[in-house]
Amino acid sequence: MFEFFRDRAYWHWSILGSLVILASVWYSVQLDVQINEWFGSFYDMLQKALSAPNAVTIEEFYSELYVFFQIAAIYIVVNVVFNGFFVNHYCFRWRRAMADYYQANWQKARKIEGASQRVQEDTIKFSRIMESLGTSLIEAIMILVEFMPILFGLSIGIPIFFFGDWEYGLIVGALIWSIGGTIFL
């Protein structure tokens, strides 16, 4: 199963590919943070425009939309090319490494009924599960870490249902929810 990381033939895919996936997930989270910041400035501008007539020019409005277009275009490219295609290709290479390992040990497994079908089905199921769980878990941890400063700023003096006033209630609530949900699942 983890021969992919030990076999020299797949070293460049296993180690370097893992680093590329981590970097692309990290960059995707950074783009999430930029979009979140853009929402704040954009809706502040809309509030300003609605509170006082002619307070915001159409050029300022289009400028904010252009900023969003730039961030969203990069976000789409990163998620489609790196987090989509590259992760799928990485998992394909991982499946190939597992199939090579099973073929090398075929003499032990060939007596089991349906072994060739099991090898193909089990490797594809395993790689798909690892793809979805692995990237989702890494992304969730990175999002939690990146949005922690925002939660620190927003959580001062906010009461939490059933718990009352905590100094950093949103942080504690987010950690309880994320860790508790992970343990539950």
# chains A, B, ... in the order shown; residues from 1 in each chain; ligands from 1
>>> residues_around(residues="Leu144 in chain A", least_positions_apart="5", cutoff="12 Å", atoms="only C-alpha atoms", output="list in words")
Trp26, Val29, Gln30, Asp32, Val33, Leu137, Ile138, Glu139, Pro149, Ile150, Leu151, Phe152, Leu170, Ile171, Val172, Gly173, Ala174, Leu175, Ile176, Trp177, Ser178 and Ile179 of chain A
>>> write_last_selection(atoms="C-alpha atoms", output="compact mmCIF listing (two decimals), in the first residue's frame")
# COMPACT_ATOMS: atom_id res chain seq x y z
CA TRP A 26 -1.95 25.83 0.76
CA VAL A 29 -6.46 28.28 1.10
CA GLN A 30 -4.56 31.56 0.69
CA ASP A 32 -9.86 31.60 0.12
CA VAL A 33 -8.50 34.12 2.60
CA LEU A 137 -8.22 16.80 5.83
CA ILE A 138 -5.17 18.83 4.85
CA GLU A 139 -7.34 21.62 3.45
CA PRO A 149 -6.69 35.27 13.40
CA ILE A 150 -10.06 36.36 11.98
CA LEU A 151 -11.86 34.26 14.57
CA PHE A 152 -9.68 35.73 17.33
CA LEU A 170 -15.66 31.31 18.44
CA ILE A 171 -12.19 29.79 18.54
CA VAL A 172 -13.17 27.26 21.20
CA GLY A 173 -16.41 26.51 19.37
CA ALA A 174 -14.60 26.00 16.05
CA LEU A 175 -12.02 23.72 17.63
CA ILE A 176 -14.63 21.70 19.53
CA TRP A 177 -16.75 21.41 16.40
CA SER A 178 -13.89 20.43 14.08
CA ILE A 179 -12.12 18.02 16.45
>>> select_by_dssp(residues="range 132-172 of chain A", states="strand (DSSP E)", output="MDAnalysis selection string")
chainID A and resid 159:160 164:165
>>> residues_around(residues="Phe92 in chain A", least_positions_apart="4", cutoff="10 Å", atoms="only C-alpha atoms", output="PyMOL selection string")
chain A and resi 86-88+96-98+123-124+127-128
>>> write_last_selection(atoms="N, CA and C atoms", output="CSV table (one decimal), in the first residue's frame")
chain,number,residue,atom,x,y,z
A,86,PHE,N,-3.9,17.2,-11.2
A,86,PHE,CA,-2.6,16.7,-10.6
A,86,PHE,C,-2.9,15.7,-9.5
A,87,VAL,N,-3.9,15.9,-8.7
A,87,VAL,CA,-4.2,15.0,-7.6
A,87,VAL,C,-4.7,13.7,-8.2
A,88,ASN,N,-5.5,13.8,-9.2
A,88,ASN,CA,-6.0,12.5,-9.9
A,88,ASN,C,-4.8,11.8,-10.6
A,96,ARG,N,-0.8,2.6,-9.8
A,96,ARG,CA,0.2,1.9,-10.6
A,96,ARG,C,1.3,1.2,-9.8
A,97,ALA,N,1.8,2.0,-8.8
A,97,ALA,CA,2.8,1.4,-7.9
A,97,ALA,C,2.2,0.3,-7.1
A,98,MET,N,1.0,0.4,-6.6
A,98,MET,CA,0.4,-0.7,-5.9
A,98,MET,C,0.2,-1.9,-6.8
A,123,THR,N,-7.2,-1.4,-5.3
A,123,THR,CA,-6.3,-0.2,-5.4
A,123,THR,C,-7.0,1.0,-5.9
A,124,ILE,N,-8.0,0.9,-6.7
A,124,ILE,CA,-8.7,2.1,-7.2
A,124,ILE,C,-9.6,2.7,-6.0
A,127,SER,N,-7.1,4.3,-3.5
A,127,SER,CA,-6.6,5.6,-4.0
A,127,SER,C,-7.6,6.7,-4.0
A,128,ARG,N,-8.8,6.4,-4.3
A,128,ARG,CA,-9.9,7.4,-4.3
A,128,ARG,C,-10.2,7.9,-2.9
>>> closest_residue(among="A:Phe61, A:Phe184, A:Trp106, A:Phe82", to="Tyr27 in chain A", atoms="only C-alpha atoms")
A:Phe82
>>> closest_residue(among="A:Tyr10, A:Ile58, A:Ala72, A:Ala49", to="Tyr90 in chain A", atoms="only C-alpha atoms")
A:Tyr10
>>> atom_distance(atom1="CA of Met45 in chain A", atom2="CA of Ser28 in chain A")
25.5 Å
>>> select_by_dssp(residues="range 56-155 of chain A", states="alpha helix (DSSP H)", output="number ranges by chain")
A: 58-77, 87-104, 106-109, 115-154
>>> atom_distance(atom1="CA of Arg6 in chain A", atom2="CA of Asn79 in chain A")
28.3 Å
